[in-house]
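Q: Shown below is the structure under consideration.
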Amino acid sequence: MFSACKKTLVMLTLVALSQLAACGKDDSAENFEVFSAGDKTTITKYKGTSQVVNIPSIIEGRTVTEIGEKAFYQCTGVTEVTIPNSVKQIAPNAFGGCTGLTKVNIPNSVTEIGVCVFEDCGSLTEVTIPDSVTKIDESAFSFCTCLTELTIPNSITEIGEKAFFGCESLTELNIPDSVTKIGSGAFEDCTGLTEITIPNSITEIGSSAFHSCLGLTEITIPDSVTKIGESAFSNCTGLTKVNIQNGVKIIGHNAFTFCTGLTEITIPNSVTSIGNAAFYRCTSLTEITIPNSVTKIDDSAFSYCTGLTKVNIQNGVNTIGHIAFSYCTGLTEITIPNSVTSIDEGAFSSCTGLTNITIPDSVTKIGNLAFAGCTGLTEITIPDSVTKIGDLAFASCSGLTKITIPNSVKEIGKGAFSNCKGLTNITIPNSVTKIDDSAFSNCTGLTEVNVPKGTVYSSTAFPRGSKITKY
């Protein structure tokens, strides 16, 4: 069965053959509108009907130096274009929407391929970028869906935003070591791309640079890169292994979100920040080590990593962000170091496989919902550094049978231990001044509660029928 790209090419070939005899090649100056100013002559419009166009170097006695904006825009019948050596610049959208264009010859005189120059040239299969070009601009080849092969010369220093966006037939790409920056969305939705080499010259991988490159299986990020941008590799569902070399400092928000095939990743000691949802729903990831260079694990960083069984957080991290590991249902083992001071809201919520956890005495805050729904948790000791247990912090930990609340705790938040049906008795230390609404509500197994005489507690704090002893 033909792909959509092949079907399009067959149809275009048939049309071209039927018209070729009548139209032939076009190099007539009469079919071009031009504008001249000083020593600059720009082609502003192509008026011909030929499939094969040889742009003349001289029109009306003047040397053609530029192909103007939208000069060939939506010339759907043009299949091949040769640009003369006199041309130095190709303006934005010059060939945009030329859906029949299959081949273009760019001369060595051109220094920049401008914004959207070949955008939506859906039949373009072959293009040679000369080594005179230093920049491939924004969306220059976006949606060139039939482009299968591309050589980027050593002269290129920057690949612009969305430069090859949606080039779904591109399978292999070698980025030369002259390039220092890969722009945002540069190769986004290049679904056929299976292999790419990122050279040591690159310092930044832009946001969504390789988003939804479904065919990528392995990637090495060299030590020259300091930042992996937001969503840079998100939804690369075929990606199984990522080798981040020592040099990267920032793993951006959503950098590897929905990389559902990812089984192996090494985070080097150079990394200081793991962004929001950086590894969200990487469901095949089984083990991760957070190096001591990282100070904060951001919100949702590893949430819904359902295959994750072991997390080693090294001494250096001080904050585990909101829902950082929520719904990591396979997680059975985690080491929280003495450097952590705050376990934020929902950090480990619904980690149903977690059976025990040690909270170090460096922690001063257990946030709302921090361990809510950890149904496998049977016992927990709260260190005497904690002053407040947040709302719903241990709610619905139905397997919890024993909890030790230290003398440092001053307040137990709303619903903090609600629905902990395995709890049978609890002693509230005399440091606690307030027990909020529903703190132990629906703890149906709770029969004995010891509360200091000076502690203020809500009428809904404990389940009905519990024996409350004031001491």
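Note on naming: chains are A, B, ... as they come in the structure tokens, residues start from 1 per chain, ligands start from 1 in the order shown.
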Write out as CSV a residue-level contact list of range 280-303 of chain A versus range 314-330 of chain A with cut-off 7 Å: for each qualifying residue the closest pair of atoms and the distance in Å to one decimal, counting only C-alpha atoms, rows sorted by chain and residue number upward.

A:
```
residue,atom,partner,partner_atom,distance
A:Ile290,CA,A:Gln314,CA,5.9
A:Pro291,CA,A:Gln314,CA,5.4
A:Asn292,CA,A:Gly316,CA,4.4
A:Ser293,CA,A:Gly316,CA,6.1
A:Val294,CA,A:Val317,CA,5.6
A:Thr295,CA,A:Val317,CA,4.0
A:Lys296,CA,A:Thr319,CA,4.9
A:Ile297,CA,A:Ile320,CA,5.1
A:Asp298,CA,A:Gly321,CA,4.8
A:Asp299,CA,A:His322,CA,4.5
A:Ser300,CA,A:Ala324,CA,4.0
A:Ala301,CA,A:Ala324,CA,5.0
A:Phe302,CA,A:Phe325,CA,5.0
A:Ser303,CA,A:Phe325,CA,4.4
```

Q: Please produce a file of those selected residues containing N, CA and C atoms, as a PDB file, in the first residue's frame.

A:
```pdb
ATOM      1  N   ILE A 290      18.489  10.531  41.842  1.00  0.00           N
ATOM      2  CA  ILE A 290      18.557  11.995  41.770  1.00  0.00           C
ATOM      3  C   ILE A 290      19.889  12.412  42.390  1.00  0.00           C
ATOM      4  N   PRO A 291      20.807  13.002  41.618  1.00  0.00           N
ATOM      5  CA  PRO A 291      22.132  13.320  42.153  1.00  0.00           C
ATOM      6  C   PRO A 291      22.107  14.443  43.192  1.00  0.00           C
ATOM      7  N   ASN A 292      23.187  14.555  43.941  1.00  0.00           N
ATOM      8  CA  ASN A 292      23.243  15.544  45.029  1.00  0.00           C
ATOM      9  C   ASN A 292      23.380  16.982  44.544  1.00  0.00           C
ATOM     10  N   SER A 293      23.527  17.172  43.243  1.00  0.00           N
ATOM     11  CA  SER A 293      23.585  18.531  42.680  1.00  0.00           C
ATOM     12  C   SER A 293      22.195  19.162  42.579  1.00  0.00           C
ATOM     13  N   VAL A 294      21.152  18.322  42.592  1.00  0.00           N
ATOM     14  CA  VAL A 294      19.763  18.793  42.482  1.00  0.00           C
ATOM     15  C   VAL A 294      19.275  19.279  43.846  1.00  0.00           C
ATOM     16  N   THR A 295      18.687  20.474  43.888  1.00  0.00           N
ATOM     17  CA  THR A 295      18.175  21.018  45.146  1.00  0.00           C
ATOM     18  C   THR A 295      16.662  20.886  45.279  1.00  0.00           C
ATOM     19  N   LYS A 296      15.974  20.821  44.136  1.00  0.00           N
ATOM     20  CA  LYS A 296      14.512  20.673  44.179  1.00  0.00           C
ATOM     21  C   LYS A 296      14.032  19.756  43.075  1.00  0.00           C
ATOM     22  N   ILE A 297      13.160  18.823  43.459  1.00  0.00           N
ATOM     23  CA  ILE A 297      12.456  18.002  42.470  1.00  0.00           C
ATOM     24  C   ILE A 297      11.125  18.698  42.246  1.00  0.00           C
ATOM     25  N   ASP A 298      10.939  19.264  41.075  1.00  0.00           N
ATOM     26  CA  ASP A 298       9.781  20.126  40.826  1.00  0.00           C
ATOM     27  C   ASP A 298       8.461  19.360  40.761  1.00  0.00           C
ATOM     28  N   ASP A 299       7.378  20.147  40.715  1.00  0.00           N
ATOM     29  CA  ASP A 299       6.023  19.602  40.731  1.00  0.00           C
ATOM     30  C   ASP A 299       5.812  18.584  39.607  1.00  0.00           C
ATOM     31  N   SER A 300       5.197  17.464  39.955  1.00  0.00           N
ATOM     32  CA  SER A 300       4.813  16.409  38.991  1.00  0.00           C
ATOM     33  C   SER A 300       5.991  15.803  38.238  1.00  0.00           C
ATOM     34  N   ALA A 301       7.211  16.004  38.722  1.00  0.00           N
ATOM     35  CA  ALA A 301       8.403  15.583  37.976  1.00  0.00           C
ATOM     36  C   ALA A 301       8.362  14.123  37.549  1.00  0.00           C
ATOM     37  N   PHE A 302       7.891  13.238  38.433  1.00  0.00           N
ATOM     38  CA  PHE A 302       7.837  11.807  38.126  1.00  0.00           C
ATOM     39  C   PHE A 302       6.427  11.238  38.349  1.00  0.00           C
ATOM     40  N   SER A 303       5.425  12.067  38.398  1.00  0.00           N
ATOM     41  CA  SER A 303       4.074  11.555  38.671  1.00  0.00           C
ATOM     42  C   SER A 303       3.590  10.642  37.543  1.00  0.00           C
TER      43      SER A 303
END
```

Q: Set the distance at 9 Å and use only C-alpha atoms: which residues neighbour Glu30 in chain A once local chain neighbours fewer than 4 positions away are removed? I'd like the list as a compact mmCIF listing (two decimals) with N, CA and C atoms, in the first residue's frame.

A:
```
# COMPACT_ATOMS: atom_id res chain seq x y z
N LYS A 47 4.93 34.51 -12.99
CA LYS A 47 3.64 34.52 -13.69
C LYS A 47 3.47 33.36 -14.65
N GLY A 48 4.53 32.53 -14.80
CA GLY A 48 4.49 31.45 -15.78
C GLY A 48 3.66 30.26 -15.35
N ILE A 59 17.52 40.02 -15.54
CA ILE A 59 16.19 40.40 -16.02
C ILE A 59 16.18 41.91 -16.21
```

Q: Excluding Pro406 in chain A and residues on its chain fewer than 2 positions from it, collect all residues at most 8 Å away from it, counting only C-alpha atoms, and give them as a PyMOL selection string.

A: chain A and resi 382-384+386+404+408-409+429

Q: For range 222-237 of chain A, find every residue with an atom within 9 Å (counting only C-alpha atoms), except residues of its own chain fewer than 3 positions away, and show them as a ChimeraX atom specification.

A: /A:184-185,188,191,198-217,240,243-262,270-271,275,278-279

Q: Would you export the selected residues with C-alpha atoms as a compact mmCIF listing (two decimals), in the first residue's frame, please?

A:
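File result.txt, as written:
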```txt
# COMPACT_ATOMS: atom_id res chain seq x y z
CA SER A 184 12.17 25.44 19.56
CA GLY A 185 10.16 22.84 17.65
CA GLU A 188 8.83 18.53 16.14
CA THR A 191 7.60 11.03 13.28
CA ILE A 198 23.70 15.90 18.42
CA PRO A 199 27.23 17.31 18.21
CA ASN A 200 29.40 18.66 21.03
CA SER A 201 28.93 22.21 19.74
CA ILE A 202 25.28 22.42 20.84
CA THR A 203 24.71 24.39 24.06
CA GLU A 204 20.91 24.45 24.12
CA ILE A 205 18.14 22.19 22.88
CA GLY A 206 15.08 24.38 22.42
CA SER A 207 11.59 23.73 23.72
CA SER A 208 9.71 20.98 21.82
CA ALA A 209 12.77 20.55 19.57
CA PHE A 210 12.09 16.81 19.11
CA HIS A 211 8.52 16.62 20.43
CA SER A 212 6.61 13.61 19.05
CA CYS A 213 9.59 12.14 17.19
CA LEU A 214 7.95 8.75 17.62
CA GLY A 215 10.68 6.76 15.82
CA LEU A 216 13.60 7.88 18.00
CA THR A 217 14.83 5.01 20.21
CA THR A 240 14.03 3.69 25.38
CA ASN A 243 22.29 9.31 27.97
CA ILE A 244 22.66 12.78 29.47
CA GLN A 245 26.32 13.61 29.75
CA ASN A 246 27.87 15.73 32.50
CA GLY A 247 27.29 19.36 31.52
CA VAL A 248 23.50 19.66 31.49
CA LYS A 249 22.29 21.91 34.32
CA ILE A 250 18.59 22.22 33.59
CA ILE A 251 16.11 19.55 32.54
CA GLY A 252 13.17 21.73 31.50
CA HIS A 253 9.48 21.40 32.25
CA ASN A 254 7.88 18.41 30.46
CA ALA A 255 11.25 17.58 28.85
CA PHE A 256 10.50 13.83 28.63
CA THR A 257 6.74 13.80 29.36
CA PHE A 258 4.89 10.80 27.86
CA CYS A 259 8.11 9.00 26.86
CA THR A 260 6.26 5.80 27.69
CA GLY A 261 8.97 3.49 26.33
CA LEU A 262 11.81 5.05 28.34
CA SER A 270 25.83 18.62 36.74
CA VAL A 271 22.01 18.83 36.85
CA GLY A 275 11.51 20.86 35.91
CA ALA A 278 9.93 16.48 33.40
CA PHE A 279 9.33 12.70 33.40
```

Q: Expressed in Å to a single decimal, how great is the separation between CA of Ile343 in chain A and CA of Ile389 in chain A?

A: 10.6 Å

Q: Can you pull out every residue within 9 Å of Gly122 in chain A, counting only C-alpha atoms, but drop anything in the same chain fewer than 6 positions away, and send it as a PyMOL selection string?

A: chain A and resi 5+8+97-102+143-147+167

Q: Please produce a file of the residues just selected, as a PDB file, in the first residue's frame, where the atoms kept are C-alpha atoms.

A:
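And here is the file that came out, part01.pdb:
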```pdb
ATOM      1  CA  CYS A   5       3.412  10.889   0.378  1.00  0.00           C
ATOM      2  CA  THR A   8       0.793  12.389  -3.913  1.00  0.00           C
ATOM      3  CA  GLY A  97       2.652  26.228  -0.584  1.00  0.00           C
ATOM      4  CA  CYS A  98       4.336  24.959  -3.770  1.00  0.00           C
ATOM      5  CA  THR A  99       2.795  21.554  -3.190  1.00  0.00           C
ATOM      6  CA  GLY A 100       4.095  20.110  -6.485  1.00  0.00           C
ATOM      7  CA  LEU A 101       7.723  21.122  -5.969  1.00  0.00           C
ATOM      8  CA  THR A 102       9.933  18.005  -5.788  1.00  0.00           C
ATOM      9  CA  PHE A 143       5.517  20.374   6.570  1.00  0.00           C
ATOM     10  CA  CYS A 144       7.791  19.169   3.771  1.00  0.00           C
ATOM     11  CA  THR A 145       6.212  15.794   4.429  1.00  0.00           C
ATOM     12  CA  CYS A 146       8.038  13.914   1.630  1.00  0.00           C
ATOM     13  CA  LEU A 147      11.555  15.094   2.484  1.00  0.00           C
ATOM     14  CA  CYS A 167       8.866  16.522   8.094  1.00  0.00           C
TER      15      CYS A 167
END
```

Q: What separation in Å, quoted to one decimal, exists between CA of Ile403 in chain A and CA of Cys374 in chain A?

A: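 Distance between the two atoms: 13.8 Å.
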
Q: What does the distance between CA of Thr263 in chain A and CA of Gly192 in chain A come to in Å, to one decimal place?

A: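 We find that CA of Thr263 in chain A and CA of Gly192 in chain A lie 21.0 Å from each other.
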
Q: At a cut-off of 7 Å, using only C-alpha atoms, what residues contact Gly307 in chain A? Leave out same-chain residues fewer than 3 positions from it and give the result as a PyMOL selection string.

A: chain A and resi 283-286+330

Q: Counting only C-alpha atoms, which of A:Ile336, A:Ala372, A:Val456, A:Ile265 gets nearest to Gly415 in chain A?

A: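 Nearest to Gly415 in chain A: A:Ala372.
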
Q: Per DSSP on the backbone, filter range 124-279 of chain A down to the residues in strand (DSSP E) and report them as a VMD selection string.

A: chain A and resid 126 to 128 135 to 136 158 to 159 172 to 174 181 to 182 195 to 197 204 to 205 218 to 221 227 to 228 241 to 244 250 to 251 264 to 266 273 to 274
